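Peer 1: For reference, this is target-v3.cif, and it has mmCIF, C-alpha atoms and all ligand atoms.
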```cif
data_input
#
loop_
_atom_site.label_atom_id
_atom_site.label_comp_id
_atom_site.auth_asym_id
_atom_site.auth_seq_id
_atom_site.Cartn_x
_atom_site.Cartn_y
_atom_site.Cartn_z
CA MET A 1419 42.53 -77.44 4.94
CA VAL A 1420 39.13 -79.15 4.54
CA THR A 1421 37.61 -81.12 1.67
CA ILE A 1422 34.24 -80.23 0.20
CA VAL A 1423 31.72 -83.07 0.43
CA GLU A 1424 28.98 -81.16 -1.39
CA ARG A 1425 28.53 -77.71 -2.93
CA ARG A 1426 25.22 -77.30 -4.65
CA MET A 1427 22.99 -74.41 -5.67
CA ILE A 1428 19.72 -75.16 -3.87
CA VAL A 1429 17.72 -72.18 -5.19
CA PRO A 1430 18.98 -69.40 -7.48
CA ASN A 1431 22.04 -67.73 -5.95
CA VAL A 1432 21.85 -69.72 -2.70
CA HIS A 1433 24.25 -72.62 -2.13
CA LEU A 1434 24.65 -75.48 0.31
CA LEU A 1435 28.26 -76.09 1.33
CA THR A 1436 29.11 -79.27 3.24
CA VAL A 1437 32.70 -79.98 4.23
CA ALA A 1438 34.50 -82.75 6.09
CA ALA A 1439 35.50 -81.10 9.39
CA PRO A 1440 35.02 -83.64 12.19
CA GLU A 1441 36.52 -81.45 14.92
CA VAL A 1442 34.20 -78.57 14.06
CA ALA A 1443 31.21 -80.94 13.88
CA GLU A 1444 32.11 -82.32 17.31
CA SER A 1445 31.80 -78.95 19.04
CA ALA A 1446 29.27 -77.08 16.85
CA ARG A 1447 26.32 -75.47 18.63
CA PRO A 1448 23.27 -73.59 17.25
CA GLY A 1449 24.21 -70.03 16.30
CA ASN A 1450 27.94 -70.68 15.86
CA PHE A 1451 29.76 -69.70 12.69
CA ILE A 1452 32.94 -70.63 10.86
CA ILE A 1453 35.41 -68.46 8.97
CA LEU A 1454 36.84 -69.79 5.72
CA ARG A 1455 39.01 -68.64 2.85
CA PRO A 1456 37.77 -69.91 -0.52
CA ASP A 1457 41.33 -70.00 -1.92
CA GLU A 1458 44.93 -69.23 -0.85
CA GLN A 1459 44.69 -65.59 -1.94
CA GLY A 1460 41.12 -65.14 -0.70
CA GLU A 1461 39.75 -63.05 2.15
CA ARG A 1462 38.31 -64.65 5.26
CA ILE A 1463 34.51 -64.79 5.26
CA PRO A 1464 32.18 -65.90 8.06
CA LEU A 1465 29.29 -68.32 7.44
CA THR A 1466 26.84 -69.57 10.06
CA ILE A 1467 26.72 -73.29 10.72
CA ALA A 1468 23.37 -74.53 9.39
CA ASP A 1469 23.79 -78.20 10.30
CA TRP A 1470 26.37 -80.77 11.30
CA ASP A 1471 26.70 -84.54 11.53
CA THR A 1472 29.08 -85.79 14.19
CA ALA A 1473 28.94 -89.39 12.89
CA ALA A 1474 29.88 -88.36 9.35
CA GLY A 1475 32.18 -85.57 10.58
CA THR A 1476 30.57 -82.99 8.29
CA VAL A 1477 29.50 -79.37 8.72
CA SER A 1478 27.06 -77.50 6.45
CA SER A 1479 26.39 -73.84 5.77
CA ILE A 1480 24.08 -72.04 3.41
CA PHE A 1481 25.62 -69.13 1.54
CA VAL A 1482 24.25 -66.44 -0.73
CA GLN A 1483 26.47 -65.41 -3.62
CA VAL A 1484 26.88 -61.65 -3.12
CA GLY A 1485 30.48 -60.75 -4.00
CA ALA A 1486 33.94 -61.99 -4.98
CA SER A 1487 34.52 -64.51 -2.15
CA THR A 1488 31.11 -66.15 -2.30
CA ALA A 1489 31.40 -66.24 -6.12
CA LYS A 1490 34.71 -68.13 -5.76
CA LEU A 1491 33.08 -70.49 -3.27
CA ALA A 1492 30.18 -71.07 -5.66
CA ARG A 1493 32.60 -72.39 -8.29
CA LEU A 1494 34.04 -75.10 -6.02
CA LYS A 1495 32.74 -78.66 -6.13
CA ALA A 1496 32.85 -81.92 -4.15
CA GLY A 1497 36.45 -83.11 -3.74
CA ASP A 1498 37.93 -79.58 -3.94
CA THR A 1499 39.70 -78.25 -0.88
CA ILE A 1500 39.28 -75.04 1.13
CA PRO A 1501 42.65 -73.83 2.49
CA SER A 1502 41.35 -72.61 5.83
CA TYR A 1503 38.17 -73.34 7.73
CA ALA A 1504 38.11 -72.22 11.39
CA GLY A 1505 35.37 -72.82 13.93
CA PRO A 1506 33.08 -73.12 15.64
CA LEU A 1507 33.27 -69.39 16.44
CA GLY A 1508 31.01 -66.99 18.31
CA ASN A 1509 28.64 -67.61 21.16
CA GLU A 1510 25.94 -70.17 20.77
CA THR A 1511 22.26 -69.15 20.73
CA GLU A 1512 20.77 -69.05 24.21
CA ILE A 1513 18.65 -72.21 24.44
CA ALA A 1514 16.17 -72.42 27.33
CA ASN A 1515 12.45 -72.91 27.82
CA PHE A 1516 11.16 -69.42 26.97
CA GLY A 1517 7.61 -70.59 26.19
CA THR A 1518 6.64 -69.57 22.65
CA VAL A 1519 9.45 -68.63 20.27
CA LEU A 1520 9.03 -67.22 16.78
CA LEU A 1521 12.00 -67.65 14.43
CA ILE A 1522 12.10 -65.28 11.47
CA GLY A 1523 14.46 -65.97 8.57
CA GLY A 1524 15.28 -64.68 5.13
CA CYS A 1525 18.10 -65.50 2.65
CA TYR A 1526 20.70 -67.65 4.47
CA GLY A 1527 18.63 -67.42 7.68
CA LEU A 1528 16.33 -70.23 6.53
CA GLY A 1529 19.35 -72.48 6.93
CA SER A 1530 21.03 -70.96 9.99
CA LEU A 1531 17.76 -71.05 11.99
CA TYR A 1532 17.38 -74.81 11.49
CA PRO A 1533 19.65 -76.00 14.37
CA ILE A 1534 18.18 -73.28 16.59
CA ALA A 1535 14.64 -74.49 15.87
CA ARG A 1536 15.68 -78.06 16.61
CA ALA A 1537 17.33 -77.15 19.93
CA LEU A 1538 14.53 -74.83 21.11
CA THR A 1539 11.89 -77.48 20.37
CA ALA A 1540 13.95 -80.07 22.23
CA ALA A 1541 14.11 -77.62 25.18
CA GLY A 1542 10.30 -77.67 25.40
CA ASN A 1543 9.38 -74.45 23.58
CA LYS A 1544 6.48 -74.02 21.20
CA VAL A 1545 8.48 -72.92 18.17
CA TYR A 1546 7.07 -71.22 15.07
CA ALA A 1547 9.13 -70.30 12.03
CA MET A 1548 8.28 -67.45 9.68
CA ILE A 1549 10.29 -67.60 6.49
CA GLU A 1550 10.39 -64.85 3.92
CA ALA A 1551 11.56 -64.62 0.32
CA ARG A 1552 10.94 -62.46 -2.72
CA SER A 1553 9.10 -65.37 -4.35
CA SER A 1554 8.24 -69.00 -3.55
CA TYR A 1555 10.96 -70.36 -5.88
CA LEU A 1556 13.58 -68.83 -3.53
CA LEU A 1557 12.39 -70.78 -0.49
CA TYR A 1558 14.37 -73.85 0.61
CA TRP A 1559 14.62 -76.29 3.56
CA GLN A 1560 10.88 -75.87 4.20
CA GLU A 1561 10.30 -79.55 4.99
CA ARG A 1562 13.34 -79.68 7.24
CA LEU A 1563 12.19 -76.66 9.22
CA ALA A 1564 8.57 -77.81 9.31
CA ALA A 1565 9.71 -81.09 10.89
CA VAL A 1566 11.18 -79.30 13.94
CA VAL A 1567 8.63 -76.52 14.53
CA GLU A 1568 4.99 -76.28 15.50
CA ARG A 1569 4.05 -74.40 12.31
CA LEU A 1570 5.85 -72.91 9.33
CA ILE A 1571 4.53 -69.53 8.18
CA VAL A 1572 5.53 -68.38 4.70
CA VAL A 1573 5.70 -64.78 3.53
CA THR A 1574 6.55 -63.94 -0.08
CA ARG A 1575 6.84 -60.45 -1.42
CA ASP A 1576 5.01 -61.35 -4.65
CA GLY A 1577 2.34 -63.39 -2.85
CA SER A 1578 3.24 -66.59 -4.74
CA ARG A 1579 3.01 -68.52 -1.45
CA GLY A 1580 1.68 -67.73 2.02
CA TYR A 1581 1.18 -64.14 3.10
CA LYS A 1582 1.93 -61.50 0.52
CA GLY A 1583 4.32 -58.77 1.59
CA HIS A 1584 7.12 -58.35 4.06
CA VAL A 1585 7.82 -58.73 7.80
CA THR A 1586 6.31 -55.25 8.19
CA ARG A 1587 3.03 -57.24 8.38
CA LEU A 1588 4.33 -59.01 11.50
CA SER A 1589 1.76 -57.86 14.08
CA GLU A 1590 -1.12 -58.54 11.67
CA ILE A 1591 0.23 -62.04 10.86
CA LEU A 1592 0.73 -62.81 14.56
CA ALA A 1593 -2.92 -61.90 15.21
CA LEU A 1594 -4.16 -63.99 12.26
CA GLU A 1595 -2.03 -66.98 13.30
CA LYS A 1596 -2.98 -66.51 16.99
CA ILE A 1597 0.66 -66.53 18.11
CA SER A 1598 1.96 -64.50 21.08
CA PRO A 1599 5.72 -65.04 21.12
CA ASP A 1600 7.73 -64.65 24.31
CA ARG A 1601 10.84 -64.28 22.15
CA VAL A 1602 11.66 -63.63 18.51
CA ILE A 1603 14.94 -64.70 16.90
CA ALA A 1604 15.77 -63.31 13.44
CA HIS A 1605 18.59 -64.46 11.15
CA GLY A 1606 19.62 -63.53 7.61
CA CYS A 1607 19.40 -60.28 5.72
CA THR A 1608 20.41 -57.29 7.86
CA PHE A 1609 17.60 -55.07 6.64
CA GLN A 1610 15.05 -57.74 7.47
CA MET A 1611 16.48 -58.19 10.99
CA MET A 1612 16.34 -54.43 11.56
CA THR A 1613 12.72 -54.37 10.32
CA VAL A 1614 11.79 -57.25 12.65
CA ALA A 1615 13.35 -55.40 15.60
CA LYS A 1616 11.39 -52.25 14.70
CA GLU A 1617 8.14 -54.24 14.46
CA THR A 1618 8.59 -56.09 17.76
CA LYS A 1619 9.74 -53.13 19.85
CA PRO A 1620 6.26 -51.57 20.29
CA LEU A 1621 4.90 -55.09 20.97
CA GLY A 1622 7.44 -55.50 23.80
CA ILE A 1623 8.74 -58.86 22.49
CA LYS A 1624 12.38 -59.63 23.28
CA THR A 1625 14.09 -59.92 19.89
CA ILE A 1626 17.44 -61.52 19.19
CA VAL A 1627 19.25 -60.80 15.92
CA SER A 1628 22.40 -62.40 14.51
CA MET A 1629 24.68 -59.56 13.41
CA ASN A 1630 26.76 -59.99 10.26
CA PRO A 1631 29.40 -57.24 10.02
CA ILE A 1632 32.64 -57.54 8.08
CA MET A 1633 35.00 -59.78 10.07
CA ILE A 1634 38.69 -60.59 9.77
CA ASP A 1635 40.07 -62.79 12.55
CA GLY A 1636 36.78 -63.73 14.25
CA THR A 1637 38.50 -63.96 17.63
CA GLY A 1638 38.28 -60.43 19.03
CA MET A 1639 41.73 -59.27 17.89
CA CYS A 1640 41.18 -56.90 14.94
CA GLY A 1641 38.16 -54.84 16.02
CA VAL A 1642 36.70 -54.77 12.49
CA CYS A 1643 33.40 -56.33 13.57
CA ARG A 1644 32.65 -53.73 16.23
CA LEU A 1645 29.15 -52.39 16.65
CA THR A 1646 27.28 -50.44 19.29
CA VAL A 1647 24.74 -52.26 21.44
CA ALA A 1648 22.97 -50.45 24.29
CA GLY A 1649 25.48 -47.62 23.92
CA GLN A 1650 28.47 -49.90 24.40
CA THR A 1651 31.06 -51.06 21.88
CA LYS A 1652 30.83 -54.79 21.23
CA PHE A 1653 32.71 -57.15 18.95
CA ALA A 1654 30.25 -59.32 17.02
CA CYS A 1655 32.68 -62.23 16.82
CA VAL A 1656 33.29 -62.70 20.54
CA ASP A 1657 30.41 -60.83 22.22
CA GLY A 1658 27.86 -62.07 19.62
CA PRO A 1659 26.97 -62.64 16.91
CA GLU A 1660 23.53 -62.57 18.55
CA PHE A 1661 22.39 -59.39 20.32
CA ASP A 1662 19.18 -57.77 21.48
CA GLY A 1663 17.83 -56.21 18.28
CA HIS A 1664 16.20 -53.36 20.21
CA GLU A 1665 19.60 -52.25 21.50
CA VAL A 1666 21.62 -52.34 18.26
CA ASP A 1667 22.66 -49.03 16.67
CA TRP A 1668 21.46 -50.00 13.19
CA GLU A 1669 22.40 -46.75 11.46
CA GLU A 1670 26.03 -47.04 12.53
CA PHE A 1671 26.03 -50.73 11.65
CA PHE A 1672 24.93 -50.12 8.05
CA ALA A 1673 27.41 -47.25 7.64
CA ARG A 1674 30.33 -49.39 8.84
CA ARG A 1675 29.42 -52.34 6.63
CA GLU A 1676 29.23 -50.22 3.50
CA GLY A 1677 32.65 -48.70 4.27
CA TYR A 1678 34.56 -51.02 1.93
CA SER A 1679 31.99 -51.41 -0.86
CA ALA A 1680 34.26 -49.93 -3.57
CA GLU A 1681 37.19 -52.14 -2.52
CA GLU A 1682 34.91 -55.22 -2.31
CA ASN A 1683 33.58 -54.67 -5.82
CA GLU A 1684 37.01 -54.25 -7.43
CA PRO A 1685 38.17 -57.92 -7.13
CA LEU A 1686 34.75 -59.07 -8.28
CA HIS A 1687 35.11 -57.26 -11.58
CA ARG A 1688 38.79 -58.26 -11.93
CA SER A 1689 37.90 -61.95 -11.45
CA GLY A 1690 35.13 -61.85 -14.05
CA CYS A 1691 32.68 -63.22 -11.45
CA ALA A 1692 30.46 -60.15 -11.88
CA SER A 1693 28.85 -61.83 -14.87
CA HIS A 1694 27.17 -64.22 -12.40
CA PHE A 1695 24.89 -61.47 -11.02
C1 LIG B 1701 28.79 -64.05 11.93
C2 LIG B 1701 28.40 -64.00 10.48
C3 LIG B 1701 27.70 -65.05 9.93
C4 LIG B 1701 27.35 -65.04 8.57
N1 LIG B 1701 26.69 -66.11 8.06
C5 LIG B 1701 26.39 -66.15 6.75
C6 LIG B 1701 25.78 -67.31 6.19
O1 LIG B 1701 25.50 -68.30 6.87
N2 LIG B 1701 25.51 -67.29 4.87
C7 LIG B 1701 25.79 -66.19 4.08
O2 LIG B 1701 25.51 -66.22 2.89
N3 LIG B 1701 26.40 -65.10 4.59
C8 LIG B 1701 26.72 -65.07 5.90
N4 LIG B 1701 27.35 -63.97 6.41
C9 LIG B 1701 27.70 -62.87 5.50
C10 LIG B 1701 28.91 -63.28 4.65
O3 LIG B 1701 30.03 -63.40 5.47
C11 LIG B 1701 29.12 -62.22 3.57
O4 LIG B 1701 28.03 -62.28 2.69
C12 LIG B 1701 30.40 -62.49 2.80
O5 LIG B 1701 31.50 -62.15 3.59
C13 LIG B 1701 30.41 -61.67 1.53
O6 LIG B 1701 31.67 -61.84 0.91
P1 LIG B 1701 31.82 -61.53 -0.64
O7 LIG B 1701 33.26 -61.24 -0.90
O8 LIG B 1701 31.19 -62.60 -1.46
O9 LIG B 1701 30.96 -60.24 -0.86
P2 LIG B 1701 31.42 -58.70 -0.57
O10 LIG B 1701 32.16 -58.24 -1.76
O11 LIG B 1701 32.08 -58.64 0.75
O12 LIG B 1701 30.02 -58.03 -0.54
C14 LIG B 1701 29.23 -57.91 -1.75
C15 LIG B 1701 28.01 -57.10 -1.47
O13 LIG B 1701 27.23 -57.76 -0.46
C16 LIG B 1701 27.05 -56.93 0.64
N5 LIG B 1701 27.22 -57.69 1.84
C17 LIG B 1701 28.40 -58.04 2.43
N6 LIG B 1701 28.19 -58.69 3.56
C18 LIG B 1701 26.83 -58.78 3.67
C19 LIG B 1701 25.98 -59.31 4.64
N7 LIG B 1701 26.47 -59.84 5.73
N8 LIG B 1701 24.64 -59.23 4.44
C20 LIG B 1701 24.14 -58.61 3.35
N9 LIG B 1701 24.90 -58.06 2.41
C21 LIG B 1701 26.22 -58.14 2.57
C22 LIG B 1701 28.15 -55.87 0.55
O14 LIG B 1701 27.72 -54.63 1.15
C23 LIG B 1701 28.34 -55.72 -0.93
O15 LIG B 1701 27.42 -54.81 -1.48
C24 LIG B 1701 27.70 -63.94 7.76
C25 LIG B 1701 28.41 -62.86 8.32
C26 LIG B 1701 28.75 -62.90 9.65
C27 LIG B 1701 29.54 -61.78 10.25
S1 LIG B 1702 36.49 -60.04 13.55
FE1 LIG B 1702 38.23 -59.15 14.48
S2 LIG B 1702 37.51 -58.49 16.39
FE2 LIG B 1702 35.79 -59.51 15.51
#
```
Could you quickly redo this structure as structure tokens?

Peer 2:
Amino acid sequence: MVTIVERRMIVPNVHLLTVAAPEVAESARPGNFIILRPDEQGERIPLTIADWDTAAGTVSSIFVQVGASTAKLARLKAGDTIPSYAGPLGNETEIANFGTVLLIGGCYGLGSLYPIARALTAAGNKVYAMIEARSSYLLYWQERLAAVVERLIVVTRDGSRGYKGHVTRLSEILALEKISPDRVIAHGCTFQMMTVAKETKPLGIKTIVSMNPIMIDGTGMCGVCRLTVAGQTKFACVDGPEFDGHEVDWEEFFARREGYSAEENEPLHRSGCASHF
């Protein structure tokens, strides 16, 4: 059981969750995730670690309210307890001096990329971050990210800030910004990560994506998180969550993740949380 230090909506539908979990904070690394249950009857959901403070013994994640479990989590407040909170899980992001690294994030990825940006910059890379949202009011942690990267590039679909459009403009934006990345790392919305991988493949840029399938145990026991990478079956929880985006079977991934949509929606309507959407 852990106690919530802070749970706050930082932009519409996106929440910061900070809990007191000194043992997790002690061993957290960029790219790791935790699995929590929002209440005793709740399902286990994975969230990436977006920051930690070993002195304070706290761990933070950013979550997007999408269904029943995240809606329950969004109703908790400082001082409330979470019955189970396990981590850090998964492999950490590979941190080395790659040269120039472009981080691309949308939805919760703006948060989960932060420790990766910090570590890659400390390892001597020239790090750029490209953050994308539907509109400028949905962007968050811009100052935090800007403080640990060379340059922050903003893309909004409505053009309210930065480049107008989507990551489909990637090669054009790279040319305008005069950036030639040796590696791209994308976190957040699955569709966006797939789009990034499609855009970088013809450019020959190694692209790492953080896969977010349904998970249960998070320790390689249940097989629920399996996906196909380079023709081989992998478990996202123990073999990932980061993989080469050019080798992921995206079609199969989307099909597997949608497999329980009807069952996932049922508790949402029963709980009355659906009115939040
Ligand atoms: C390793 C890992 C790390 C993750 N890190 C984060 C994080 O830091 N922050 C965060 O907000 N989420 C993260 N996720 C996704 C998060 O676990 C799910 O959004 C959550 O389980 C949804 O639970 P729910 O009951 O609220 O919604 P559900 O009822 O399970 O889903 C509601 C709707 O959202 C869709 N959905 C479910 N999962 C995802 C997903 N991963 N991406 C997009 N749509 C989805 C479903 O298809 C459904 O339509 C991560 C997932 C994994 C595997
Ligand atoms: S979540 Fe069970 S094997 Fe990965």

Peer 1: Using only C-alpha atoms and all ligand atoms, determine which residues fall within 7 Å of ligand LIG 1702 (chain B), then list them as a ChimeraX atom specification.

Peer 2: /A:1633-1644,1653-1656

Peer 1: Just want the 12 Å neighbourhood of segment 1575-1586 of chain A, counted on all atoms listed in the file, with same-chain residues fewer than 6 positions away dropped. Output as a PyMOL selection string.

Peer 2: chain A and resi 1521-1524+1548-1557+1592+1594-1595+1604+1607+1609-1618

Peer 1: Compare A:Thr1574, A:Ser1479, A:Thr1518, A:Ser1445 by their minimum atom-to-atom distance to ligand LIG 1701 (chain B), counting all atoms listed in the file, and give me the closest one.

Peer 2: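 The shortest atom-to-atom distance to ligand LIG 1701 (chain B) comes from A:Ser1479.
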
Peer 1: Which residues of chain A come within 6 Å of ligand LIG 1701 (chain B), and what is each one's closest atom pair and distance in Å (one decimal), counting all atoms listed in the file, sorted by chain and residue number, as CSV?

Peer 2:
```
residue,atom,partner,partner_atom,distance
A:Phe1451,CA,B:LIG1701,C1,5.8
A:Ile1463,CA,B:LIG1701,O5,4.3
A:Pro1464,CA,B:LIG1701,O3,4.2
A:Leu1465,CA,B:LIG1701,N1,3.5
A:Thr1466,CA,B:LIG1701,O1,3.7
A:Ser1479,CA,B:LIG1701,O1,5.7
A:Ile1480,CA,B:LIG1701,N2,5.2
A:Phe1481,CA,B:LIG1701,O2,3.2
A:Val1482,CA,B:LIG1701,O2,3.8
A:Gln1483,CA,B:LIG1701,O8,5.9
A:Val1484,CA,B:LIG1701,C14,4.6
A:Gly1485,CA,B:LIG1701,O9,3.2
A:Ala1486,CA,B:LIG1701,O7,4.2
A:Ser1487,CA,B:LIG1701,O7,3.7
A:Thr1488,CA,B:LIG1701,O8,3.6
A:Ala1489,CA,B:LIG1701,O8,5.9
A:Tyr1526,CA,B:LIG1701,N2,4.8
A:Cys1607,CA,B:LIG1701,N8,5.5
A:Thr1608,CA,B:LIG1701,N8,5.8
A:Asn1630,CA,B:LIG1701,C27,3.3
A:Pro1631,CA,B:LIG1701,C27,4.5
A:Ile1632,CA,B:LIG1701,C27,5.7
A:Met1633,CA,B:LIG1701,C27,5.8
A:Pro1659,CA,B:LIG1701,C1,5.5
A:Glu1676,CA,B:LIG1701,O14,5.2
A:Ser1679,CA,B:LIG1701,C23,5.6
A:Glu1682,CA,B:LIG1701,O10,4.1
A:Asn1683,CA,B:LIG1701,O10,5.6
```

Peer 1: Can you tell me how far atom CA of Glu1660 of chain A sits from atom CA of Arg1674 of chain A, in Å to one decimal?

Peer 2: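 We find that atom CA of Glu1660 of chain A and atom CA of Arg1674 of chain A lie 17.7 Å from each other.
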
Peer 1: For Ala1535 of chain A, which residue among A:Gly1658, A:Pro1448, A:Pro1440, A:Gly1649 is the nearest when counting all atoms listed in the file?

Peer 2: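 So, comparing all the options, the nearest one is A:Pro1448.
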
Peer 1: What are the centre and edge lengths in Å, to one decimal, of the axis-aligned box around all listed atoms of segment 1572-1582 of chain A with 3 Å added on each side, as JSON?

Peer 2:
```
{"center_x": 4.0, "center_y": -64.5, "center_z": 0.0, "size_x": 11.7, "size_y": 14.1, "size_z": 15.4}
```

Peer 1: Just checking: using all atoms listed in the file, which residue out of A:Trp1668, A:Trp1559, A:Phe1516, A:Phe1661 ends up closest to His1433 of chain A?

Peer 2: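 Closest residue, counting all atoms listed in the file: A:Trp1559.
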
Peer 1: Choose the residue, out of A:Thr1421, A:Ser1478, A:Thr1472, A:Thr1539, that has the smallest atom-to-atom separation from Gly1497 of chain A; count all atoms listed in the file.

Peer 2: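 Among A:Thr1421, A:Ser1478, A:Thr1472, A:Thr1539, it is A:Thr1421 that comes nearest to Gly1497 of chain A.
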